[in-house]
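Containing compact mmCIF, C-alpha atoms: final-v3.txt.
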```
# COMPACT_ATOMS: atom_id res chain seq x y z
CA MET F 9 -51.58 140.76 -71.64
CA ASN F 10 -54.25 139.26 -69.37
CA LEU F 11 -52.64 139.21 -65.95
CA PRO F 12 -53.81 136.47 -63.57
CA SER F 13 -55.92 137.44 -60.59
CA ILE F 14 -54.30 137.12 -57.20
CA SER F 15 -55.72 136.50 -53.73
CA VAL F 16 -53.68 137.92 -50.87
CA VAL F 17 -54.28 135.98 -47.67
CA ILE F 18 -53.46 137.46 -44.26
CA PRO F 19 -54.05 135.04 -41.37
CA THR F 20 -53.98 137.05 -38.15
CA TYR F 21 -53.98 136.27 -34.45
CA ASN F 22 -53.75 138.86 -31.67
CA ARG F 23 -52.19 141.59 -33.78
CA GLU F 24 -53.34 145.19 -33.54
CA GLU F 25 -51.78 148.34 -35.07
CA VAL F 26 -49.20 146.43 -37.12
CA LEU F 27 -52.06 144.51 -38.78
CA ILE F 28 -53.53 147.81 -39.96
CA ASP F 29 -50.18 148.79 -41.50
CA THR F 30 -49.91 145.43 -43.27
CA ILE F 31 -53.41 145.70 -44.74
CA ALA F 32 -52.82 149.31 -45.80
CA ASP F 33 -49.67 148.27 -47.70
CA VAL F 34 -51.58 145.55 -49.55
CA ILE F 35 -54.45 147.86 -50.47
CA LYS F 36 -51.92 150.33 -51.99
CA GLN F 37 -50.47 147.74 -54.39
CA ASP F 38 -50.24 148.84 -58.04
CA TYR F 39 -51.36 145.45 -59.40
CA PRO F 40 -54.70 145.74 -61.27
CA ASN F 41 -56.48 142.52 -60.26
CA PHE F 42 -56.36 141.33 -56.66
CA GLU F 43 -58.45 140.66 -53.57
CA VAL F 44 -57.47 140.70 -49.90
CA LEU F 45 -58.68 138.07 -47.43
CA VAL F 46 -58.11 138.70 -43.73
CA VAL F 47 -58.66 135.51 -41.75
CA ASP F 48 -59.01 136.83 -38.21
CA GLN F 49 -58.62 134.47 -35.26
CA THR F 50 -58.42 137.21 -32.61
CA ALA F 51 -61.11 137.00 -29.94
CA THR F 52 -61.33 140.77 -29.31
CA HIS F 53 -59.54 143.66 -31.02
CA LYS F 54 -58.97 147.17 -29.76
CA PRO F 55 -62.01 149.29 -30.78
CA GLU F 56 -60.04 151.34 -33.30
CA VAL F 57 -58.59 148.23 -34.96
CA GLN F 58 -62.00 146.55 -35.15
CA ALA F 59 -63.47 149.73 -36.63
CA TYR F 60 -60.74 149.83 -39.29
CA LEU F 61 -61.33 146.19 -40.27
CA GLU F 62 -65.08 146.65 -40.50
CA GLU F 63 -64.75 149.87 -42.50
CA LYS F 64 -62.42 148.27 -45.06
CA ALA F 65 -64.71 145.25 -45.31
CA ASN F 66 -67.81 147.41 -45.77
CA VAL F 67 -66.29 149.34 -48.69
CA GLY F 68 -65.01 146.16 -50.34
CA LYS F 69 -61.30 146.69 -49.79
CA ILE F 70 -60.95 143.43 -47.87
CA LYS F 71 -62.91 140.25 -47.24
CA LEU F 72 -63.01 139.75 -43.49
CA PHE F 73 -63.53 136.33 -41.94
CA HIS F 74 -63.64 135.73 -38.20
CA LEU F 75 -62.88 132.26 -36.82
CA ASN F 76 -63.38 131.08 -33.25
CA TRP F 77 -60.27 128.89 -33.30
CA ALA F 78 -56.58 129.57 -33.81
CA SER F 79 -54.54 127.51 -36.26
CA LEU F 80 -52.22 128.95 -38.89
CA PRO F 81 -52.49 126.01 -41.36
CA GLY F 82 -56.22 125.88 -40.62
CA ALA F 83 -56.56 129.57 -41.49
CA ARG F 84 -54.64 129.05 -44.73
CA ASN F 85 -56.92 126.18 -45.74
CA TYR F 86 -59.99 128.24 -44.87
CA ALA F 87 -58.79 131.08 -47.08
CA VAL F 88 -58.11 128.76 -50.02
CA ARG F 89 -61.74 127.63 -49.90
CA HIS F 90 -63.00 131.21 -49.91
CA CYS F 91 -60.71 132.95 -52.39
CA SER F 92 -61.06 133.35 -56.16
CA GLY F 93 -57.56 134.22 -57.41
CA GLU F 94 -55.57 132.20 -59.91
CA ILE F 95 -52.56 132.87 -57.69
CA ILE F 96 -52.83 132.60 -53.90
CA LEU F 97 -50.31 134.64 -51.92
CA PHE F 98 -49.77 134.22 -48.17
CA ILE F 99 -48.18 136.91 -46.01
CA ASP F 100 -47.91 137.42 -42.26
CA ASP F 101 -49.81 140.04 -40.29
CA ASP F 102 -46.66 141.95 -39.32
CA VAL F 103 -44.99 142.80 -42.63
CA ARG F 104 -44.39 145.92 -44.74
CA LEU F 105 -44.57 145.94 -48.54
CA GLU F 106 -43.48 148.09 -51.46
CA THR F 107 -46.18 148.87 -54.04
CA GLY F 108 -44.75 146.47 -56.67
CA PHE F 109 -44.81 143.44 -54.39
CA LEU F 110 -47.74 141.63 -56.02
CA ALA F 111 -46.47 142.27 -59.54
CA ALA F 112 -43.08 140.80 -58.60
CA HIS F 113 -44.72 137.56 -57.49
CA VAL F 114 -47.06 137.24 -60.48
CA ARG F 115 -44.49 137.78 -63.23
CA ASN F 116 -42.78 134.52 -62.29
CA TYR F 117 -45.94 132.59 -63.14
CA VAL F 118 -46.46 134.44 -66.42
CA ASP F 119 -42.88 133.96 -67.59
CA ARG F 120 -42.25 130.43 -66.27
CA PRO F 121 -45.01 127.80 -66.69
CA GLU F 122 -42.92 125.26 -64.78
CA VAL F 123 -43.16 127.38 -61.62
CA GLY F 124 -45.88 126.31 -59.19
CA ALA F 125 -44.80 128.41 -56.22
CA VAL F 126 -42.79 131.57 -55.60
CA ALA F 127 -40.70 132.12 -52.50
CA GLY F 128 -40.12 135.81 -51.88
CA ARG F 129 -37.17 137.37 -50.13
CA VAL F 130 -37.68 138.27 -46.48
CA PHE F 131 -35.91 141.24 -44.97
CA ASP F 132 -36.16 139.74 -41.53
CA ARG F 133 -35.48 142.47 -39.01
CA MET F 134 -33.89 140.13 -36.45
CA LYS F 135 -31.70 138.11 -38.83
CA LEU F 136 -30.51 141.12 -40.76
CA GLY F 137 -29.52 142.68 -37.46
CA ASP F 138 -27.43 139.62 -36.57
CA SER F 139 -25.36 139.96 -39.75
CA GLY F 140 -25.23 143.73 -39.83
CA GLY F 141 -27.12 143.63 -43.12
CA GLU F 142 -23.85 143.15 -44.99
CA LEU F 143 -24.00 139.45 -45.98
CA GLU F 144 -25.11 138.71 -49.55
CA ILE F 145 -25.45 135.25 -51.08
CA GLU F 146 -25.48 134.60 -54.82
CA ASP F 147 -25.97 130.84 -55.13
CA LEU F 148 -27.28 128.77 -52.26
CA PRO F 149 -24.99 125.81 -51.43
CA PRO F 150 -25.84 122.29 -52.67
CA GLU F 151 -26.83 121.39 -49.10
CA ALA F 152 -29.81 123.78 -49.46
CA SER F 153 -31.37 121.31 -51.90
CA ASP F 154 -30.88 118.24 -49.71
CA PRO F 155 -34.14 117.56 -47.80
CA GLY F 156 -32.14 115.96 -44.97
CA ILE F 157 -30.21 119.10 -44.05
CA ALA F 158 -31.57 121.89 -46.28
CA TRP F 159 -33.34 123.61 -43.40
CA TYR F 160 -30.03 124.81 -41.99
CA HIS F 161 -28.69 126.08 -45.33
CA ILE F 162 -31.67 127.81 -46.98
CA ASP F 163 -31.23 131.55 -46.46
CA LEU F 164 -34.06 133.59 -47.97
CA VAL F 165 -32.93 136.65 -46.03
CA HIS F 166 -29.51 137.30 -47.54
CA THR F 167 -29.83 135.57 -50.94
CA VAL F 168 -29.87 138.08 -53.83
CA LYS F 169 -30.00 135.86 -56.94
CA PRO F 170 -33.16 134.23 -58.40
CA GLN F 171 -32.96 130.44 -58.28
CA ARG F 172 -34.82 127.22 -57.70
CA VAL F 173 -35.32 126.37 -54.00
CA ILE F 174 -36.72 123.51 -51.95
CA SER F 175 -39.07 125.57 -49.77
CA ALA F 176 -40.54 128.99 -49.09
CA ARG F 177 -41.07 130.97 -45.90
CA GLY F 178 -44.63 131.19 -44.65
CA CYS F 179 -44.62 134.98 -44.35
CA ASN F 180 -43.96 135.46 -48.09
CA MET F 181 -45.04 132.65 -50.42
CA SER F 182 -47.45 132.21 -53.33
CA TYR F 183 -48.89 129.27 -55.26
CA ARG F 184 -50.83 128.49 -58.40
CA ARG F 185 -54.42 127.77 -57.45
CA GLU F 186 -54.31 124.38 -59.16
CA ILE F 187 -51.83 123.18 -56.53
CA PHE F 188 -54.85 123.07 -54.23
CA THR F 189 -57.59 122.19 -56.72
CA LYS F 190 -56.04 119.87 -59.30
CA TYR F 191 -53.55 118.20 -56.97
CA GLY F 192 -55.64 118.39 -53.81
CA LEU F 193 -52.89 119.68 -51.53
CA SER F 194 -53.73 121.40 -48.27
CA PHE F 195 -51.78 122.61 -45.25
CA ASP F 196 -51.50 120.01 -42.52
CA GLU F 197 -53.40 121.22 -39.47
CA ARG F 198 -51.50 118.87 -37.18
CA PHE F 199 -48.65 121.40 -37.15
CA ARG F 200 -49.31 123.10 -33.83
CA GLY F 201 -48.64 126.38 -32.09
CA SER F 202 -46.63 128.72 -34.31
CA ALA F 203 -46.86 125.90 -36.92
CA VAL F 204 -43.12 125.96 -37.59
CA ARG F 205 -42.28 123.72 -40.58
CA GLU F 206 -45.87 123.60 -41.89
CA GLU F 207 -44.80 125.49 -45.03
CA SER F 208 -41.77 123.20 -45.44
CA ASP F 209 -44.06 120.17 -45.23
CA PHE F 210 -46.35 121.69 -47.86
CA CYS F 211 -43.48 122.56 -50.21
CA LEU F 212 -42.01 119.06 -50.01
CA ARG F 213 -45.35 117.63 -51.05
CA LEU F 214 -45.73 120.27 -53.78
CA ARG F 215 -42.45 119.14 -55.35
CA GLN F 216 -44.05 115.75 -56.03
CA THR F 217 -46.41 117.42 -58.52
CA GLY F 218 -43.47 118.24 -60.81
CA TYR F 219 -43.82 121.98 -60.30
CA GLN F 220 -40.83 124.07 -59.24
CA ILE F 221 -40.50 126.49 -56.33
CA TRP F 222 -38.76 129.63 -57.55
CA PHE F 223 -37.05 132.19 -55.35
CA ASP F 224 -37.39 135.79 -56.53
CA PRO F 225 -35.45 138.31 -54.39
CA GLU F 226 -37.43 141.19 -55.88
CA ALA F 227 -40.66 139.76 -54.45
CA SER F 228 -39.50 141.04 -51.10
CA LEU F 229 -41.05 142.30 -47.91
CA ILE F 230 -39.94 143.41 -44.47
CA HIS F 231 -40.86 141.00 -41.69
CA LEU F 232 -41.10 142.92 -38.46
CA GLY F 233 -41.12 139.89 -36.15
CA GLU F 234 -43.31 141.58 -33.55
CA GLU F 235 -42.69 140.53 -29.96
CA SER F 236 -46.39 140.30 -29.14
CA GLY F 237 -49.21 138.49 -30.88
CA GLY F 238 -48.91 135.41 -33.07
CA CYS F 239 -46.79 132.58 -31.71
CA HIS F 240 -45.29 134.93 -29.13
CA ASP F 241 -48.49 134.61 -27.12
CA ILE F 242 -47.07 131.28 -25.96
CA SER F 243 -43.88 131.79 -23.98
CA THR F 244 -40.90 130.32 -25.82
CA ARG F 245 -39.69 129.09 -22.43
CA SER F 246 -42.84 127.09 -21.77
CA LEU F 247 -43.02 123.31 -21.95
CA LYS F 248 -45.90 123.55 -24.45
CA TYR F 249 -43.95 125.73 -26.86
CA GLN F 250 -40.77 123.67 -26.72
CA VAL F 251 -42.48 120.29 -27.17
CA THR F 252 -44.57 121.71 -30.03
CA PHE F 253 -41.44 123.10 -31.70
CA TYR F 254 -39.79 119.67 -31.79
CA HIS F 255 -43.05 117.86 -32.59
CA ASN F 256 -43.45 119.93 -35.76
CA HIS F 257 -39.89 119.29 -36.93
CA PHE F 258 -40.15 115.55 -36.33
CA LEU F 259 -43.58 115.41 -37.98
CA MET F 260 -42.25 117.04 -41.14
CA GLY F 261 -39.40 114.55 -41.28
CA LEU F 262 -41.47 111.45 -40.56
CA LYS F 263 -44.02 112.44 -43.21
CA ASN F 264 -41.71 113.40 -46.06
CA LEU F 265 -38.15 112.12 -45.68
CA THR F 266 -36.47 108.79 -46.33
CA PRO F 267 -35.00 106.95 -43.31
CA ASN F 268 -31.51 108.18 -44.21
CA GLN F 269 -32.71 111.77 -44.63
CA CYS F 270 -34.59 111.53 -41.32
CA LEU F 271 -31.47 110.40 -39.47
CA ARG F 272 -29.44 113.31 -40.82
CA PHE F 273 -32.24 115.80 -40.18
CA PHE F 274 -32.86 114.62 -36.62
CA ALA F 275 -29.11 114.57 -35.91
CA LYS F 276 -28.75 118.15 -37.11
CA LEU F 277 -31.81 119.16 -35.10
CA PHE F 278 -30.14 117.72 -31.99
CA ASP F 279 -26.75 119.25 -32.76
CA CYS F 280 -28.19 122.71 -33.36
CA HIS F 281 -31.16 123.05 -31.02
CA VAL F 282 -30.12 120.77 -28.16
CA LEU F 283 -26.33 121.07 -28.08
CA GLY F 284 -26.56 124.68 -29.25
CA ASN F 285 -23.98 124.47 -32.04
CA PRO F 286 -24.09 126.84 -35.08
CA PRO F 287 -26.25 128.15 -36.56
CA CYS F 288 -28.29 128.13 -33.33
CA TYR F 289 -25.59 129.43 -30.95
CA LYS F 290 -27.45 128.44 -27.76
CA GLY F 291 -26.04 128.32 -24.26
CA GLY F 292 -24.15 125.12 -23.58
CA SER F 293 -24.45 124.56 -19.83
CA PRO F 294 -25.17 120.92 -18.88
CA ILE F 295 -28.51 121.81 -17.30
CA LYS F 296 -29.70 123.64 -20.43
CA ILE F 297 -28.59 120.81 -22.71
CA ILE F 298 -30.36 118.21 -20.55
CA THR F 299 -33.51 120.34 -20.48
CA ARG F 300 -33.51 120.85 -24.23
CA GLY F 301 -32.80 117.15 -24.69
CA SER F 302 -35.91 116.28 -22.71
CA PHE F 303 -37.99 118.57 -24.93
CA TYR F 304 -36.42 116.94 -27.98
CA THR F 305 -37.39 113.48 -26.70
CA LEU F 306 -40.93 114.50 -25.79
CA GLY F 307 -41.36 116.17 -29.17
CA PHE F 308 -40.24 113.01 -30.98
CA LEU F 309 -42.63 110.82 -29.00
CA SER F 310 -45.46 113.25 -29.66
CA ALA F 311 -44.74 113.25 -33.41
CA VAL F 312 -44.66 109.44 -33.49
CA GLN F 313 -48.03 109.43 -31.78
CA THR F 314 -49.35 111.88 -34.39
CA ARG F 315 -48.11 109.63 -37.20
CA ILE F 316 -49.74 106.57 -35.66
CA LYS F 317 -53.04 108.44 -35.31
CA SER F 318 -52.81 109.44 -39.01
CA ILE F 319 -53.73 105.84 -39.89
CA TRP F 320 -57.33 106.74 -39.02
CA ASP F 321 -57.22 110.51 -38.50
CA ASP F 322 -55.76 113.02 -40.97
CA GLY F 323 -55.82 115.76 -38.33
CA GLN F 324 -57.66 118.33 -40.45
CA ILE F 325 -59.88 119.18 -37.50
CA TYR F 326 -60.36 122.88 -38.28
CA THR F 327 -61.28 122.27 -41.91
CA LYS F 328 -63.81 119.64 -40.83
CA GLU F 329 -65.19 121.97 -38.16
CA SER F 330 -65.68 124.70 -40.76
CA GLN F 331 -67.32 122.32 -43.21
CA ASN F 332 -69.63 120.93 -40.52
CA SER F 333 -70.63 124.45 -39.47
CA LYS F 334 -71.40 125.34 -43.10
CA PHE F 335 -73.44 122.15 -43.50
CA LYS F 336 -75.44 122.91 -40.35
CA ILE F 337 -76.20 126.44 -41.58
CA GLN F 338 -77.32 125.19 -44.99
CA LYS F 339 -79.46 122.48 -43.36
CA SER F 340 -81.06 125.04 -41.04
CA GLU F 341 -81.84 127.36 -43.99
CA LYS F 342 -83.47 124.52 -45.91
CA ILE F 343 -85.65 123.63 -42.91
CA LYS F 344 -86.77 127.25 -42.55
CA SER F 345 -87.63 127.50 -46.25
```
Encoded form (structure tokens):
Amino acid sequence: MNLPSISVVIPTYNREEVLIDTIADVIKQDYPNFEVLVVDQTATHKPEVQAYLEEKANVGKIKLFHLNWASLPGARNYAVRHCSGEIILFIDDDVRLETGFLAAHVRNYVDRPEVGAVAGRVFDRMKLGDSGGELEIEDLPPEASDPGIAWYHIDLVHTVKPQRVISARGCNMSYRREIFTKYGLSFDERFRGSAVREESDFCLRLRQTGYQIWFDPEASLIHLGEESGGCHDISTRSLKYQVTFYHNHFLMGLKNLTPNQCLRFFAKLFDCHVLGNPPCYKGGSPIKIITRGSFYTLGFLSAVQTRIKSIWDDGQIYTKESQNSKFKIQKSEKIKS
């Protein structure tokens, strides 16, 4: 059997030792045909980390790209343009993998031609700790397939049975290459900060191609959820983080959902994240609720502004910046020759 080639993409931002562990786990995979792309948006690494990255790049174990801007969806789009695999797999820069991880993803594409994306199981260190690691889910509830409220019922941490799902988690998801080439999909670079909901937005648009998103619990990894680096470089208590969090949720809804679905989604967002009801379990003092409500309102207004701007601006600023830089380099080389 000719197994499809796979490109493993690791966007990284301000990670150090844990990034080395993640790369080492990918390099040790027992799959015969894969490449590793590290899209590095870190300004300066520790000397030993930089030396490791350069050494692995020099011997051909990884392809190392350094960008002078930080955007998770932008880094994903950049990697898609520079990879060669028939399957493109995205993981975070703070995960641990078993050696059969790549093979578990790929077999779903070989066995099921209707599958366009695979959502892997995530052994999320924080969420497993909350449940004591004892909760197991066979079939996700019908609400997990309803775009209006699915985001509060999809559990890719505790689910143990393969099944069709509405979305994947960004730290463990793969796609057929033709999703990007034939159908022209790309990650929306208007999702800011930690880019929460950018993968949900992408998956909702993917479903319009007719392809399925398939959850495979055996395509699993451990997500460490490091407290430094990544989105944690912006304090979760800051105005910027909170407004961005709500902006991204509202943007996903305004782009992809019907008016009825939007109303239910925005109501649940308010009930959970502002009022603090389950599954968020946030403090319910009047001052905290009023504060979160102000962030909610500012986030909605910001998302509306983003949607209005989309009439003339698609927001793919990092992709355009990369393309312009490449054009300038090519133009300069032609002039010299």
When you look at Ser153 of chain F with a cut-off of 10 Å (counting all atoms listed in the file), what residues show up, excluding the ones that are within fewer than 4 positions of it in the same chain? I need them as an mmCIF file with C-alpha atoms, in the frame of the given file.
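For reference, out_4.cif as written:
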```
data_model
loop_
_atom_site.group_PDB
_atom_site.id
_atom_site.type_symbol
_atom_site.label_atom_id
_atom_site.label_comp_id
_atom_site.auth_asym_id
_atom_site.auth_seq_id
_atom_site.Cartn_x
_atom_site.Cartn_y
_atom_site.Cartn_z
ATOM 1 C CA LEU F 148 -27.280 128.770 -52.260
ATOM 2 C CA PRO F 149 -24.990 125.810 -51.430
ATOM 3 C CA ILE F 157 -30.210 119.100 -44.050
ATOM 4 C CA ALA F 158 -31.570 121.890 -46.280
ATOM 5 C CA TRP F 159 -33.340 123.610 -43.400
ATOM 6 C CA HIS F 161 -28.690 126.080 -45.330
ATOM 7 C CA ILE F 162 -31.670 127.810 -46.980
ATOM 8 C CA ARG F 172 -34.820 127.220 -57.700
ATOM 9 C CA VAL F 173 -35.320 126.370 -54.000
ATOM 10 C CA ILE F 174 -36.720 123.510 -51.950
ATOM 11 C CA SER F 175 -39.070 125.570 -49.770
#
```
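Among the candidate residues F:Val34, F:Ala176, F:Leu27, F:Ala227, the one lying nearest to Arg115 of chain F is F:Ala227, with distances computed using only C-alpha atoms.
Between Val103 of chain F and the residues F:Asp29, F:Asp322, F:Glu144, F:Glu43, the shortest atom-to-atom distance, using all atoms listed in the file, involves F:Asp29.
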Worksheet entry | Straight-line distance linking atom CA of Cys91 of chain F with atom CA of Ser15 of chain F, stated in Å to one decimal |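 Calculated distance between atom CA of Cys91 of chain F and atom CA of Ser15 of chain F is 6.3 Å.
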Worksheet item: What is the atom CA of Val251 of chain F-atom CA of Tyr304 of chain F distance in Å, reported with one decimal?
Response: 7.0 Å
Worksheet entry | Counting all atoms listed in the file, the residue of F:Lys290, F:Lys276, F:His281, F:Lys169 that sits nearest Ser302 of chain F |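 Between F:Lys290, F:Lys276, F:His281, F:Lys169, the residue approaching Ser302 of chain F most closely is F:His281.
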Item to complete: Compile the contact shell of Val44 of chain F as a VMD selection string: residues with an atom at most 7 Å away, counting all atoms listed in the file, same-chain residues fewer than 6 positions apart removed.
Response: chain F and resid 15 to 17 70 to 71
Discussion item. Rounded to one decimal, what separation in Å do you get between atom CA of His231 of chain F and atom CA of Ala127 of chain F?
Written reply: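 Between atom CA of His231 of chain F and atom CA of Ala127 of chain F the gap is 14.0 Å.
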Item to complete: Go through F:Asp163, F:Gln216, F:Phe199, F:Leu309 and flag the residue nearest Ile187 of chain F, using all atoms listed in the file for the distances.
Response: F:Gln216
Go through segment 149-217 of chain F residue by residue and, counting all atoms listed in the file, keep those with an atom at most 7 Å from segment 92-95 of chain F; for each kept residue give the shortest atom pair and its distance in Å to one decimal, ordered by chain and increasing number, as a tab-separated table.
```
residue	atom	partner	partner_atom	distance
F:Ser182	CA	F:Ile95	CA	6.7
F:Tyr183	CA	F:Ile95	CA	5.7
F:Arg184	CA	F:Ile95	CA	4.8
F:Arg185	CA	F:Glu94	CA	5.2
```
Write a file of the selected residues as a PDB file, in the coordinates of the input, keeping C-alpha atoms.
```pdb
ATOM      1  CA  SER F 182     -47.450 132.210 -53.330  1.00  0.00           C
ATOM      2  CA  TYR F 183     -48.890 129.270 -55.260  1.00  0.00           C
ATOM      3  CA  ARG F 184     -50.830 128.490 -58.400  1.00  0.00           C
ATOM      4  CA  ARG F 185     -54.420 127.770 -57.450  1.00  0.00           C
TER       5      ARG F 185
END
```
